[in-house]
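S.K.: Structure incoming, see below.
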Amino acid sequence: MERGSVVKVSVNWIKEYLDFELPPTDELVACIGAQIGAVEAVIDLGAQYKDVLIARVVSCEKLADSDHLNVCWIDDGGKASNVERNDQGLVQVVCGAPNVRAGILVAWLPPGTTVPSSFGKDPFVLEARSLRGTLSNGMLASPKELAIGDGHEGIMEIDAGEPGADFAKTYKLDDVIIDVENKMFTHRPDCFGELGVAREVAAVLGQQFTSPDWYKNPSKELPLSADRLPLVIKNELPELVPRFMAVAISGLKVQPSPIWLQTLLSRVGIRPINNIVDVTNYMMMLTGQPLHAYDYDKVRALDGTDTATLIARNPRDSERLTLLNGKTIDPRKEAIMIATETTPVGLGGVMGGAETEVTDATVAIILECATFDMYSIRRTSMAHGLFSDAVTRFNKGQSPLQNEAVLLKAAQELLAGGTAQLASDVLDSTSLPSETLQRGSLHPPMSIETAFINARLGFLLSGSEMATVLANAEFTVESHDDWLQVSAPFWRTDIELREDIVEEVGRLHGFDKLPLQLPLRSVAPATTNYLFNFKTAIRNQLSRGGANEVLTYSFVHGKLLDNVGQNKDLAFKLNNALSPELQYYRLSLVPSLLNKVHANVKSGYDEFALFELGKVHSLDYIDSDADGLPQEFEKLAFVYAANDKLKKSGAAYHMAKYYLESLASHFGLALRFEPITTMPDSSFVKPFDPERCAAVSDVASGEPLGIVGEFSAAVRKNLKLPVFSAGFELDIEALFGIAGSKGYRTLSKFPATEQDICFRIPNILSYGELQQAVFSDLSVIKPPNSLLQISPLDIYQRQDDTDHKQITFRLRLTSYERTLTDKEVSNLVEQLAASLAQKFDVAQV
């Protein structure tokens, strides 16, 4: 498909993957040139084969006085005109091929036909002429004369069609080849395969493309031989070889490929070799993923063991390798080598070695499908002056997520209609993150606003229009009111940023559709969105603490609501849900986060924190001023979890509380934590354990903010949560209302005064009650125009006094008018101690 500096696109081949009629060639070429890549040339391949017919050799007799020529009478179904025929309508042709015989189908070039191999060069036009006194009408063609292969020892024996059939139509050589400049696809390795080009053509023509099932959902149900061939693969370069796959296949017979495969490869510039190598080239031309076949017995013999071993590694000192092209190299020390335990057998991603080449004697192979680092391949190729079709593809950065599908499909093609069988399991050595394999795409989904796209492109596309454009190219798109969540398919290695999505929408929709008008720009300053900035500050603060933000669906499964004890009757149910798992508007954010905990623990993340900022809805709250639409509440949810195997000490509650207090401190807030004696019937508190959670409010204003605590045993069981897990959920608008009202205050030029104070209190008195009383009393009696800060230092219980505990606070007082004296602070402490003694039977220690 890629030869020299162009990618050869076979129109007939891409048609096999399209379920609609393509426009006329001129329109198709214009479309490709405008939205896919610059077109270098358009070749009418059908003109090269327009007069070639399929014929049957009816009789074949030796020509007198010749040791190699035969007189053949052929049946062309009466199709050719202006040729002499006998009484049976047969045509006489003299042929010297050793394999000509009665009964076979052949490719006949009638008189007046240009030999295809000479087409476009120095055209050789056949005519009826006498050979040793015998008239010969045209010729019976060999693969070389048909420009299909290099073989010219004998004529091509046709395996399809009937006498008189058009050779070009029978084998789809009535084709148009479009040469596209390959530099246009530097960032698009998928477009180095006909399947990728077919997908692009469908998308730019506004048609939905669907990849074949074997590509997106590969089947592993292939016959496995009872006689297994031992095979081992090792990957010593996981960073340079992110995926290394192989399988052994036995029972093979090396022979020429079927004519359909030979002609298909020749259409895109690949020389047919044999049925094994041709299948690897076929898959490479189709998907853009190179493969390589090793002779199994040769690989095993190199180590002198019963097991064949392939290792991806760097070259060892003084190693040399003779390649398939006959060139012997001293590999550069950073090159990727494919080797047995003792001997290199290939220059990974560049070219195979001659020592393990597939030959006519091969009966078993190792089929390799790997992904190599594009930069390493490029450096190795340049260092050794080696440029192959594999190099062209590997140095564009192939997706490792397609390896399995390509390897299994290639194996299936080799097993089809013969005695070949899989002789080993499919071996897979990969360094890809487990979440990448589970997700099935190289990058996580991206959220992007439709306004963001339109503003950069100058379009006025709706979210649904954008989603359709992207979905035509097999992106997974969820269209919301004014934003999209986009997941790139696994073969798209180039989609990493929101701007990549913008470019994709513009290209597929067509930049030629841009409105011809000058852009409007306002000179007015942009209005500051303080709530947006506040949420950004929350994200930044939690992220600095090591927490990870997630974006979950606004819709949840009814089972999740049941698992956390929430009442589904209070949730808005969708009449036309996207899927059974997205039936209800969520009532709170914490359940969505808890639903992600087990999957992350299972994926190997032993300790982590997740948070989400989002909206929730409930039937309890209907906006009467908005036609009965649900009210939206901005919430912040946080969950901390640690795998049970870590055996964390203490209570998870304190970890969640620590994150919450750190966040509050960042905004200059002091929080009050009060026990919940009776669990309120509010959806957002349902996941929490009433005995291990606390209501959160602002100390200064008393404004309720949310809840923090550990989760109930039932919730932990239902969602398979670790024991050491806790979280909180806050009302963002309430939090913003308090934090946003706090203005900036300059630092005092007077020094602060600190003093520690310790109280002996009854066990029944909670820390929160004492802390609130301390803050309230000091706020009343402190000097005017001063800043009061209180922080806990210690909570201690003596072994000889189990009825009491001691709590120590640090008091920090800063005046904006003068320097406070120690005596003034001591007087405040004495007044505080007296007040607390009256309220709670508290004694100062």
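Chain labels run A, B, ... following the order of the structure tokens; each chain numbers its residues from 1, and ligands are numbered from 1 in the order shown.
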Within 9 Å of segment 433-442 of chain A, counting only C-alpha atoms, which residues show up once you throw out same-chain ones fewer than 4 positions away? Write them as a list in words, please.

M.R.: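 Listing them by chain and then by number gives Ser399, Pro400, Leu401, Ser487, Ala488, Pro489, Phe490, Trp491, Arg492, Thr493, Ile495, Glu496, Asn600, Ser603 and Gly604 of chain A.
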
S.K.: Looking only at helix (DSSP H, G or I) from DSSP on the backbone, list the matching residues of segment 496-559 of chain A as a VMD selection string.

M.R.: chain A and resid 498 to 509 511 to 513 530 to 544 558 to 559

S.K.: Mind dumping the selected residues with N, CA and C atoms as an mmCIF file, in the first residue's frame?

M.R.:
```cif
data_model
loop_
_atom_site.group_PDB
_atom_site.id
_atom_site.type_symbol
_atom_site.label_atom_id
_atom_site.label_comp_id
_atom_site.auth_asym_id
_atom_site.auth_seq_id
_atom_site.Cartn_x
_atom_site.Cartn_y
_atom_site.Cartn_z
ATOM 1 N N ARG A 498 -7.813 18.117 23.828
ATOM 2 C CA ARG A 498 -9.105 18.606 23.336
ATOM 3 C C ARG A 498 -8.951 19.229 21.955
ATOM 4 N N GLU A 499 -7.810 19.859 21.712
ATOM 5 C CA GLU A 499 -7.577 20.466 20.408
ATOM 6 C C GLU A 499 -7.530 19.427 19.295
ATOM 7 N N ASP A 500 -7.134 18.207 19.638
ATOM 8 C CA ASP A 500 -7.167 17.136 18.634
ATOM 9 C C ASP A 500 -8.604 16.831 18.222
ATOM 10 N N ILE A 501 -9.519 16.894 19.184
ATOM 11 C CA ILE A 501 -10.942 16.686 18.878
ATOM 12 C C ILE A 501 -11.450 17.830 18.004
ATOM 13 N N VAL A 502 -11.029 19.042 18.315
ATOM 14 C CA VAL A 502 -11.433 20.198 17.503
ATOM 15 C C VAL A 502 -10.998 20.001 16.058
ATOM 16 N N GLU A 503 -9.741 19.623 15.878
ATOM 17 C CA GLU A 503 -9.219 19.406 14.522
ATOM 18 C C GLU A 503 -9.993 18.306 13.803
ATOM 19 N N GLU A 504 -10.322 17.253 14.532
ATOM 20 C CA GLU A 504 -11.029 16.123 13.915
ATOM 21 C C GLU A 504 -12.420 16.533 13.457
ATOM 22 N N VAL A 505 -13.138 17.291 14.287
ATOM 23 C CA VAL A 505 -14.475 17.760 13.902
ATOM 24 C C VAL A 505 -14.382 18.645 12.666
ATOM 25 N N GLY A 506 -13.418 19.567 12.656
ATOM 26 C CA GLY A 506 -13.278 20.469 11.513
ATOM 27 C C GLY A 506 -12.936 19.736 10.232
ATOM 28 N N ARG A 507 -12.007 18.791 10.310
ATOM 29 C CA ARG A 507 -11.570 18.072 9.108
ATOM 30 C C ARG A 507 -12.685 17.201 8.554
ATOM 31 N N LEU A 508 -13.358 16.453 9.440
ATOM 32 C CA LEU A 508 -14.392 15.532 8.976
ATOM 33 C C LEU A 508 -15.633 16.276 8.487
ATOM 34 N N HIS A 509 -15.962 17.372 9.155
ATOM 35 C CA HIS A 509 -17.114 18.162 8.690
ATOM 36 C C HIS A 509 -16.773 18.886 7.397
ATOM 37 N N PHE A 511 -13.512 21.821 6.190
ATOM 38 C CA PHE A 511 -13.173 23.225 6.378
ATOM 39 C C PHE A 511 -13.719 24.091 5.254
ATOM 40 N N ASP A 512 -14.065 23.463 4.141
ATOM 41 C CA ASP A 512 -14.636 24.230 3.042
ATOM 42 C C ASP A 512 -16.044 24.717 3.360
ATOM 43 N N LYS A 513 -16.618 24.243 4.457
ATOM 44 C CA LYS A 513 -17.969 24.655 4.839
ATOM 45 C C LYS A 513 -17.967 25.829 5.821
ATOM 46 N N TYR A 530 -16.729 33.626 39.372
ATOM 47 C CA TYR A 530 -16.077 33.369 40.649
ATOM 48 C C TYR A 530 -16.310 31.949 41.135
ATOM 49 N N LEU A 531 -17.487 31.393 40.827
ATOM 50 C CA LEU A 531 -17.751 30.023 41.246
ATOM 51 C C LEU A 531 -16.851 29.053 40.488
ATOM 52 N N PHE A 532 -16.655 29.314 39.205
ATOM 53 C CA PHE A 532 -15.754 28.469 38.408
ATOM 54 C C PHE A 532 -14.335 28.527 38.976
ATOM 55 N N ASN A 533 -13.888 29.730 39.297
ATOM 56 C CA ASN A 533 -12.548 29.871 39.873
ATOM 57 C C ASN A 533 -12.455 29.171 41.222
ATOM 58 N N PHE A 534 -13.533 29.231 41.976
ATOM 59 C CA PHE A 534 -13.556 28.574 43.287
ATOM 60 C C PHE A 534 -13.435 27.055 43.119
ATOM 61 N N LYS A 535 -14.158 26.499 42.153
ATOM 62 C CA LYS A 535 -14.069 25.056 41.923
ATOM 63 C C LYS A 535 -12.676 24.669 41.405
ATOM 64 N N THR A 536 -12.087 25.537 40.610
ATOM 65 C CA THR A 536 -10.720 25.271 40.160
ATOM 66 C C THR A 536 -9.759 25.245 41.339
ATOM 67 N N ALA A 537 -9.971 26.164 42.283
ATOM 68 C CA ALA A 537 -9.119 26.191 43.480
ATOM 69 C C ALA A 537 -9.295 24.909 44.300
ATOM 70 N N ILE A 538 -10.527 24.406 44.366
ATOM 71 C CA ILE A 538 -10.781 23.140 45.070
ATOM 72 C C ILE A 538 -10.021 22.012 44.387
ATOM 73 N N ARG A 539 -10.129 21.954 43.066
ATOM 74 C CA ARG A 539 -9.425 20.907 42.314
ATOM 75 C C ARG A 539 -7.920 20.968 42.571
ATOM 76 N N ASN A 540 -7.388 22.163 42.502
ATOM 77 C CA ASN A 540 -5.948 22.309 42.678
ATOM 78 C C ASN A 540 -5.512 21.893 44.069
ATOM 79 N N GLN A 541 -6.278 22.296 45.082
ATOM 80 C CA GLN A 541 -5.894 21.978 46.451
ATOM 81 C C GLN A 541 -5.946 20.478 46.716
ATOM 82 N N LEU A 542 -7.005 19.815 46.268
ATOM 83 C CA LEU A 542 -7.110 18.370 46.483
ATOM 84 C C LEU A 542 -6.073 17.616 45.656
ATOM 85 N N SER A 543 -5.802 18.107 44.458
ATOM 86 C CA SER A 543 -4.792 17.459 43.624
ATOM 87 C C SER A 543 -3.414 17.569 44.251
ATOM 88 N N ARG A 544 -3.140 18.723 44.861
ATOM 89 C CA ARG A 544 -1.847 18.875 45.535
ATOM 90 C C ARG A 544 -1.705 17.884 46.683
ATOM 91 N N GLY A 558 -29.903 1.744 38.852
ATOM 92 C CA GLY A 558 -30.747 1.638 40.034
ATOM 93 C C GLY A 558 -30.145 0.752 41.101
ATOM 94 N N LYS A 559 -29.366 -0.251 40.680
ATOM 95 C CA LYS A 559 -28.739 -1.157 41.645
ATOM 96 C C LYS A 559 -27.743 -0.426 42.518
#
```

S.K.: Which residue, A:Leu386, A:Leu813, A:Leu593, A:Val708, has the smallest gap to Leu788 of chain A when you use only C-alpha atoms?

M.R.: A:Leu813

S.K.: If you measure from atom CA of Pro704 of chain A to atom CA of Ala637 of chain A, what distance in Å do you get, rounded to one decimal?

M.R.: 15.4 Å

S.K.: Excluding segment 23-35 of chain A and its own-chain neighbours fewer than 6 positions away, which residues fall within 12 Å of it when counting only C-alpha atoms? Please give them as JSON, numbers by chain.

M.R.: {"A": [9, 10, 11, 12, 15, 41, 42, 43, 44, 175, 176, 177, 178, 179, 180, 181, 184, 185, 197, 198, 199, 200, 201, 202, 203, 204, 205, 206, 503, 504, 505, 506, 507, 508, 509, 510, 511, 512, 513]}

S.K.: What are the DSSP strand (DSSP E) residues of segment 462-533 of chain A, as a PyMOL selection string?

M.R.: chain A and resi 476-479+483-487

S.K.: Considering only C-alpha atoms, can you say which of A:Asp227, A:Asp841, A:Glu413, A:Glu334 comes closest to Pro258 of chain A?

M.R.: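 When distances to Pro258 of chain A are compared using only C-alpha atoms, the smallest one comes from A:Glu413.
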
S.K.: Tell me which protein, DNA and RNA residues are within 12 Å of Ala834 of chain A, counting only C-alpha atoms, leaving out same-chain ones fewer than 6 positions away, and put them as a PDB file with N, CA and C atoms, in the first residue's frame.

M.R.:
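Saved as out-v8.pdb:
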```pdb
ATOM      1  N   PHE A 759      -6.846  21.581  78.845  1.00  0.00           N
ATOM      2  CA  PHE A 759      -8.025  21.416  79.669  1.00  0.00           C
ATOM      3  C   PHE A 759      -8.220  19.938  80.011  1.00  0.00           C
ATOM      4  N   VAL A 774     -14.519  26.900  72.920  1.00  0.00           N
ATOM      5  CA  VAL A 774     -13.302  27.702  73.000  1.00  0.00           C
ATOM      6  C   VAL A 774     -13.328  28.812  71.954  1.00  0.00           C
ATOM      7  N   ASP A 777     -16.168  31.522  72.848  1.00  0.00           N
ATOM      8  CA  ASP A 777     -15.861  32.379  73.989  1.00  0.00           C
ATOM      9  C   ASP A 777     -14.736  33.352  73.664  1.00  0.00           C
ATOM     10  N   LEU A 778     -13.681  32.855  73.021  1.00  0.00           N
ATOM     11  CA  LEU A 778     -12.561  33.729  72.698  1.00  0.00           C
ATOM     12  C   LEU A 778     -12.948  34.781  71.667  1.00  0.00           C
ATOM     13  N   ASN A 827      -4.716  36.843  80.685  1.00  0.00           N
ATOM     14  CA  ASN A 827      -6.046  37.211  81.201  1.00  0.00           C
ATOM     15  C   ASN A 827      -7.144  36.579  80.349  1.00  0.00           C
ATOM     16  N   LEU A 828      -6.938  36.560  79.038  1.00  0.00           N
ATOM     17  CA  LEU A 828      -7.926  35.928  78.155  1.00  0.00           C
ATOM     18  C   LEU A 828      -8.068  34.454  78.479  1.00  0.00           C
ATOM     19  N   PHE A 840     -18.985  23.229  81.454  1.00  0.00           N
ATOM     20  CA  PHE A 840     -18.740  21.800  81.232  1.00  0.00           C
ATOM     21  C   PHE A 840     -17.980  21.098  82.363  1.00  0.00           C
ATOM     22  N   ASP A 841     -17.779  21.740  83.455  1.00  0.00           N
ATOM     23  CA  ASP A 841     -16.954  21.149  84.510  1.00  0.00           C
ATOM     24  C   ASP A 841     -15.564  20.857  83.977  1.00  0.00           C
ATOM     25  N   VAL A 842     -14.966  21.885  83.355  1.00  0.00           N
ATOM     26  CA  VAL A 842     -13.655  21.775  82.750  1.00  0.00           C
ATOM     27  C   VAL A 842     -12.639  22.443  83.653  1.00  0.00           C
ATOM     28  N   ALA A 843     -11.470  21.781  83.801  1.00  0.00           N
ATOM     29  CA  ALA A 843     -10.405  22.354  84.628  1.00  0.00           C
ATOM     30  C   ALA A 843      -9.187  22.587  83.766  1.00  0.00           C
ATOM     31  N   GLN A 844      -8.549  23.755  83.994  1.00  0.00           N
ATOM     32  CA  GLN A 844      -7.323  24.043  83.268  1.00  0.00           C
ATOM     33  C   GLN A 844      -6.168  23.305  83.944  1.00  0.00           C
TER      34      GLN A 844
END
```

S.K.: For Val7 of chain A, list every protein, DNA or RNA residue within 12 Å, evaluated using only C-alpha atoms, and leave out those in the same chain fewer than 5 positions away; present the list as a count of residues only.

M.R.: 35

S.K.: Could you tell me how far atom CA of Ser117 of chain A sits from atom CA of Val71 of chain A, in Å to one decimal place?

M.R.: 24.2 Å

S.K.: Which polymer residues have any atom within 6 Å of an atom of Pro111 of chain A, counting only C-alpha atoms, with same-chain residues fewer than 6 positions away left out, as a PyMOL selection string?

M.R.: chain A and resi 126-128+137-138

S.K.: Choose the residue, out of A:Ala383, A:Ile329, A:Met337, A:Ile259, that has the smallest atom-to-atom separation from Val241 of chain A; count only C-alpha atoms.

M.R.: A:Met337

S.K.: I'd like the interatomic distance between atom CA of Thr356 of chain A and atom CA of Tyr296 of chain A, to a tenth of an Å.

M.R.: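 If I compute the distance from atom CA of Thr356 of chain A to atom CA of Tyr296 of chain A, I get 7.9 Å.
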
S.K.: Excluding Trp108 of chain A and residues on its chain fewer than 4 positions from it, collect all residues at most 8 Å away from it, counting only C-alpha atoms, and give them as a PyMOL selection string.

M.R.: chain A and resi 52-55+138-141

S.K.: Can I get the selected residues back with N, CA and C atoms, as a PDB file, in the first residue's frame?

M.R.:
```pdb
ATOM      1  N   VAL A  52      -7.680  -8.586 -21.220  1.00  0.00           N
ATOM      2  CA  VAL A  52      -7.254  -9.918 -20.780  1.00  0.00           C
ATOM      3  C   VAL A  52      -8.485 -10.763 -20.465  1.00  0.00           C
ATOM      4  N   LEU A  53      -8.518 -11.991 -21.016  1.00  0.00           N
ATOM      5  CA  LEU A  53      -9.656 -12.878 -20.824  1.00  0.00           C
ATOM      6  C   LEU A  53      -9.223 -14.167 -20.127  1.00  0.00           C
ATOM      7  N   ILE A  54     -10.186 -14.773 -19.446  1.00  0.00           N
ATOM      8  CA  ILE A  54      -9.958 -16.106 -18.895  1.00  0.00           C
ATOM      9  C   ILE A  54     -10.369 -17.129 -19.949  1.00  0.00           C
ATOM     10  N   ALA A  55      -9.514 -18.112 -20.171  1.00  0.00           N
ATOM     11  CA  ALA A  55      -9.806 -19.145 -21.171  1.00  0.00           C
ATOM     12  C   ALA A  55      -9.436 -20.510 -20.608  1.00  0.00           C
ATOM     13  N   GLY A 138      -2.087 -14.327 -30.061  1.00  0.00           N
ATOM     14  CA  GLY A 138      -1.777 -13.771 -28.752  1.00  0.00           C
ATOM     15  C   GLY A 138      -0.911 -14.708 -27.930  1.00  0.00           C
ATOM     16  N   MET A 139      -1.123 -14.676 -26.599  1.00  0.00           N
ATOM     17  CA  MET A 139      -0.285 -15.498 -25.738  1.00  0.00           C
ATOM     18  C   MET A 139      -1.034 -15.876 -24.457  1.00  0.00           C
ATOM     19  N   LEU A 140      -0.564 -16.966 -23.818  1.00  0.00           N
ATOM     20  CA  LEU A 140      -1.017 -17.351 -22.480  1.00  0.00           C
ATOM     21  C   LEU A 140       0.005 -16.779 -21.507  1.00  0.00           C
ATOM     22  N   ALA A 141      -0.454 -15.982 -20.543  1.00  0.00           N
ATOM     23  CA  ALA A 141       0.451 -15.128 -19.782  1.00  0.00           C
ATOM     24  C   ALA A 141       0.942 -15.767 -18.486  1.00  0.00           C
TER      25      ALA A 141
END
```
